[in-house]
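Just below is one structure, and these are the notes that go with it.
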Amino acid sequence: MVDVPFQLWNYQKKLRMTRTEVRDEFKETEGRPEVKAKIRALQQQVATRRMMDDVPSADVVITNPTHFAIALRYDDGCMGAPKVVAKGKNLIAARIRAIAEENNVPFFSAPTLARALFRSTELGQEIPAGLYTAVAQVLAYIFRLADAQKSGEVYPDRPDPVVDESVY
């Protein structure tokens with residue numbers, strides 16, 4: 001009678017893993033943290049490179065003069081709404097601006113719109129419905145400006161897009 005509970009307890013104790021065994025098993029199933037970090041860094045580099053390759057195809061880069069840059073593309077025939085082709089903050093924003101400048105992509109400085117787009121959209125995603133009006137004003141201005149430059153007409157007045165702060 002006394003030996004049966006002791007044998008059960010001893011058997012359960014022998015089944016338990018040590019801390020080292022638990023740690024090693026976790027590394028085997030989940031992967032080593034160093035390797036996972038390296039893979040994540042490589043994936044981030046590839047995604048950033050792909051994003052930077054799309055900047056020359058943008059119609060406009062909306063900026064907060066120093067901190068944010070969002071490149072938008074809109075094709076009237078096949079898109080329902082403008083799409084974000086690149087977005088970045090600080091250093092990445094500076095790279096987006098540099099690539100856009102090299103490829104003659106127009107800039108539009110609108111700090112509140114840039115912050116709203118940065119916070120409310122993901123890469124490759126259409127802009128949210130709450131920002132349609134503001135982005136439409138910017139795109140219409142950019143397209144009219146390009147037409148005026150080609151034909152030598154008077155440049156259009158620069159709009160001041162109003163962004164509802166509840167959007168972001």
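Within each chain, counting starts at residue 1; across the structure tokens, chains are named A, B, ... in the order shown, with ligands numbered 1 upward in that order.
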Per-residue DSSP, range 91-134 of chain A, filtered to alpha helix (DSSP H), as JSON, numbers by chain: {"A": [91, 92, 93, 94, 95, 96, 97, 98, 99, 100, 101, 102, 111, 112, 113, 114, 115, 116, 117, 118, 119, 120, 132, 133, 134]}
Strand (DSSP E or B) positions in chain A, given as a PDB file with N, CA, C and O atoms, in the first residue's frame:
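Dumped to states-v4.pdb:
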```
ATOM      1  N   VAL A  60       2.978  60.579 -56.910  1.00  0.00           N
ATOM      2  CA  VAL A  60       3.296  61.674 -55.992  1.00  0.00           C
ATOM      3  C   VAL A  60       3.895  61.095 -54.715  1.00  0.00           C
ATOM      4  O   VAL A  60       3.600  59.963 -54.331  1.00  0.00           O
ATOM      5  N   VAL A  61       4.752  61.883 -54.076  1.00  0.00           N
ATOM      6  CA  VAL A  61       5.276  61.535 -52.759  1.00  0.00           C
ATOM      7  C   VAL A  61       4.780  62.611 -51.801  1.00  0.00           C
ATOM      8  O   VAL A  61       5.127  63.793 -51.938  1.00  0.00           O
ATOM      9  N   ILE A  62       3.947  62.206 -50.867  1.00  0.00           N
ATOM     10  CA  ILE A  62       3.413  63.131 -49.875  1.00  0.00           C
ATOM     11  C   ILE A  62       4.343  63.094 -48.671  1.00  0.00           C
ATOM     12  O   ILE A  62       4.645  62.020 -48.140  1.00  0.00           O
ATOM     13  N   THR A  63       4.809  64.269 -48.252  1.00  0.00           N
ATOM     14  CA  THR A  63       5.813  64.319 -47.197  1.00  0.00           C
ATOM     15  C   THR A  63       5.381  65.192 -46.044  1.00  0.00           C
ATOM     16  O   THR A  63       4.607  66.123 -46.190  1.00  0.00           O
ATOM     17  N   ASN A  64       5.901  64.851 -44.903  1.00  0.00           N
ATOM     18  CA  ASN A  64       6.000  65.737 -43.764  1.00  0.00           C
ATOM     19  C   ASN A  64       7.450  66.151 -43.902  1.00  0.00           C
ATOM     20  O   ASN A  64       8.321  65.283 -43.874  1.00  0.00           O
ATOM     21  N   PHE A  68       8.284  61.936 -42.501  1.00  0.00           N
ATOM     22  CA  PHE A  68       7.477  60.933 -43.180  1.00  0.00           C
ATOM     23  C   PHE A  68       7.508  61.140 -44.685  1.00  0.00           C
ATOM     24  O   PHE A  68       7.586  62.271 -45.158  1.00  0.00           O
ATOM     25  N   ALA A  69       7.410  60.052 -45.427  1.00  0.00           N
ATOM     26  CA  ALA A  69       7.259  60.109 -46.882  1.00  0.00           C
ATOM     27  C   ALA A  69       6.406  58.916 -47.304  1.00  0.00           C
ATOM     28  O   ALA A  69       6.691  57.777 -46.927  1.00  0.00           O
ATOM     29  N   ILE A  70       5.359  59.210 -48.069  1.00  0.00           N
ATOM     30  CA  ILE A  70       4.459  58.178 -48.560  1.00  0.00           C
ATOM     31  C   ILE A  70       4.314  58.365 -50.059  1.00  0.00           C
ATOM     32  O   ILE A  70       3.902  59.430 -50.515  1.00  0.00           O
ATOM     33  N   ALA A  71       4.677  57.334 -50.825  1.00  0.00           N
ATOM     34  CA  ALA A  71       4.567  57.389 -52.282  1.00  0.00           C
ATOM     35  C   ALA A  71       3.260  56.722 -52.692  1.00  0.00           C
ATOM     36  O   ALA A  71       2.978  55.596 -52.283  1.00  0.00           O
ATOM     37  N   LEU A  72       2.474  57.448 -53.493  1.00  0.00           N
ATOM     38  CA  LEU A  72       1.178  56.947 -53.940  1.00  0.00           C
ATOM     39  C   LEU A  72       1.156  56.800 -55.456  1.00  0.00           C
ATOM     40  O   LEU A  72       1.754  57.600 -56.172  1.00  0.00           O
ATOM     41  N   ARG A  73       0.438  55.792 -55.912  1.00  0.00           N
ATOM     42  CA  ARG A  73       0.238  55.594 -57.344  1.00  0.00           C
ATOM     43  C   ARG A  73      -1.261  55.437 -57.579  1.00  0.00           C
ATOM     44  O   ARG A  73      -1.950  54.767 -56.811  1.00  0.00           O
ATOM     45  N   LYS A  83      -3.041  53.665 -54.327  1.00  0.00           N
ATOM     46  CA  LYS A  83      -2.361  52.670 -53.502  1.00  0.00           C
ATOM     47  C   LYS A  83      -1.047  53.230 -52.986  1.00  0.00           C
ATOM     48  O   LYS A  83      -0.387  54.026 -53.648  1.00  0.00           O
ATOM     49  N   VAL A  84      -0.661  52.758 -51.815  1.00  0.00           N
ATOM     50  CA  VAL A  84       0.613  53.131 -51.214  1.00  0.00           C
ATOM     51  C   VAL A  84       1.675  52.202 -51.790  1.00  0.00           C
ATOM     52  O   VAL A  84       1.608  50.984 -51.603  1.00  0.00           O
ATOM     53  N   VAL A  85       2.642  52.762 -52.531  1.00  0.00           N
ATOM     54  CA  VAL A  85       3.707  51.930 -53.098  1.00  0.00           C
ATOM     55  C   VAL A  85       4.959  51.949 -52.233  1.00  0.00           C
ATOM     56  O   VAL A  85       5.776  51.043 -52.318  1.00  0.00           O
ATOM     57  N   ALA A  86       5.106  52.985 -51.399  1.00  0.00           N
ATOM     58  CA  ALA A  86       6.239  53.048 -50.472  1.00  0.00           C
ATOM     59  C   ALA A  86       5.872  53.985 -49.341  1.00  0.00           C
ATOM     60  O   ALA A  86       5.155  54.961 -49.534  1.00  0.00           O
ATOM     61  N   LYS A  87       6.357  53.661 -48.163  1.00  0.00           N
ATOM     62  CA  LYS A  87       6.169  54.557 -47.029  1.00  0.00           C
ATOM     63  C   LYS A  87       7.321  54.372 -46.081  1.00  0.00           C
ATOM     64  O   LYS A  87       7.901  53.282 -45.981  1.00  0.00           O
ATOM     65  N   GLY A  88       7.678  55.459 -45.433  1.00  0.00           N
ATOM     66  CA  GLY A  88       8.799  55.354 -44.522  1.00  0.00           C
ATOM     67  C   GLY A  88       8.848  56.512 -43.554  1.00  0.00           C
ATOM     68  O   GLY A  88       8.202  57.539 -43.736  1.00  0.00           O
ATOM     69  N   LYS A  89       9.660  56.315 -42.537  1.00  0.00           N
ATOM     70  CA  LYS A  89       9.825  57.298 -41.478  1.00  0.00           C
ATOM     71  C   LYS A  89      11.323  57.534 -41.303  1.00  0.00           C
ATOM     72  O   LYS A  89      12.111  56.591 -41.385  1.00  0.00           O
ATOM     73  N   PHE A 107       6.734  66.032 -55.419  1.00  0.00           N
ATOM     74  CA  PHE A 107       6.539  66.026 -53.970  1.00  0.00           C
ATOM     75  C   PHE A 107       5.356  66.926 -53.632  1.00  0.00           C
ATOM     76  O   PHE A 107       5.093  67.913 -54.325  1.00  0.00           O
ATOM     77  N   PHE A 108       4.692  66.588 -52.543  1.00  0.00           N
ATOM     78  CA  PHE A 108       3.645  67.453 -52.013  1.00  0.00           C
ATOM     79  C   PHE A 108       3.787  67.431 -50.505  1.00  0.00           C
ATOM     80  O   PHE A 108       3.678  66.382 -49.879  1.00  0.00           O
ATOM     81  N   SER A 109       4.054  68.581 -49.919  1.00  0.00           N
ATOM     82  CA  SER A 109       4.245  68.671 -48.480  1.00  0.00           C
ATOM     83  C   SER A 109       2.904  68.909 -47.791  1.00  0.00           C
ATOM     84  O   SER A 109       2.289  69.957 -47.964  1.00  0.00           O
ATOM     85  N   GLU A 126      -4.798  50.062 -50.521  1.00  0.00           N
ATOM     86  CA  GLU A 126      -5.485  51.272 -50.949  1.00  0.00           C
ATOM     87  C   GLU A 126      -5.665  52.192 -49.747  1.00  0.00           C
ATOM     88  O   GLU A 126      -5.737  51.733 -48.610  1.00  0.00           O
TER      89      GLU A 126
END
```
Could you give me, as CSV, every range 65-105 of chain A residue with an atom at most 10 Å from range 133-137 of chain A, plus its closest atom pair and distance in Å to one decimal, counting only C-alpha atoms, rows ordered by chain then number?
```
residue,atom,partner,partner_atom,distance
A:Leu72,CA,A:Val135,CA,9.2
A:Tyr74,CA,A:Ala136,CA,9.9
A:Ala81,CA,A:Ala136,CA,9.2
A:Pro82,CA,A:Val135,CA,8.1
```
Save the residues we just selected, N, CA, C and O atoms, as a compact mmCIF listing (two decimals), in the first residue's frame?
```txt
# COMPACT_ATOMS: atom_id res chain seq x y z
N LEU A 72 2.47 57.45 -53.49
CA LEU A 72 1.18 56.95 -53.94
C LEU A 72 1.16 56.80 -55.46
O LEU A 72 1.75 57.60 -56.17
N TYR A 74 -1.72 56.07 -58.66
CA TYR A 74 -3.13 55.95 -59.01
C TYR A 74 -3.27 55.83 -60.51
O TYR A 74 -2.77 56.66 -61.26
N ALA A 81 -8.95 53.05 -55.86
CA ALA A 81 -8.42 54.13 -55.03
C ALA A 81 -6.90 54.11 -55.16
O ALA A 81 -6.31 53.09 -55.53
N PRO A 82 -6.25 55.23 -54.83
CA PRO A 82 -4.78 55.25 -54.88
C PRO A 82 -4.18 54.22 -53.92
O PRO A 82 -4.74 53.94 -52.86
```
Distance query range 33-46 of chain A at most 12 Å, only C-alpha atoms, self and fewer than 5 positions along chain excluded, as a JSON list (two decimals) with C-alpha atoms, in the first residue's frame:
```json
[["chain", "number", "residue", "atom", "x", "y", "z"],
["A", 23, "ARG", "CA", 15.44, 25.05, -23.42],
["A", 24, "ASP", "CA", 17.04, 22.72, -25.97],
["A", 26, "PHE", "CA", 12.33, 24.88, -27.51],
["A", 27, "LYS", "CA", 15.31, 25.81, -29.68],
["A", 28, "GLU", "CA", 14.81, 22.69, -31.80],
["A", 51, "MET", "CA", 9.54, 48.99, -51.90],
["A", 52, "MET", "CA", 12.32, 51.32, -53.10],
["A", 53, "ASP", "CA", 12.10, 49.77, -56.58],
["A", 92, "ILE", "CA", 13.69, 55.41, -45.00]]
```
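Between CA of Val138 in chain A and CA of Val163 in chain A the interatomic distance comes to 11.9 Å.
If you measure from each of A:Pro111, A:Pro5, A:Gly124, A:Pro106 to Arg50 in chain A using only C-alpha atoms, the closest one turns out to be A:Gly124.
The two atoms in question, CA of Asn90 in chain A and CA of Thr66 in chain A, are spaced 6.9 Å apart.
For the set A:Leu123, A:Ala116, A:Ala110, A:Cys78, the residue with the smallest atom-to-atom gap to Pro159 in chain A is A:Ala110, counting only C-alpha atoms.
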Counting only C-alpha atoms, the option among A:Met1, A:Ala58, A:Ala94, A:Val105 closest to Asp75 in chain A: A:Ala58
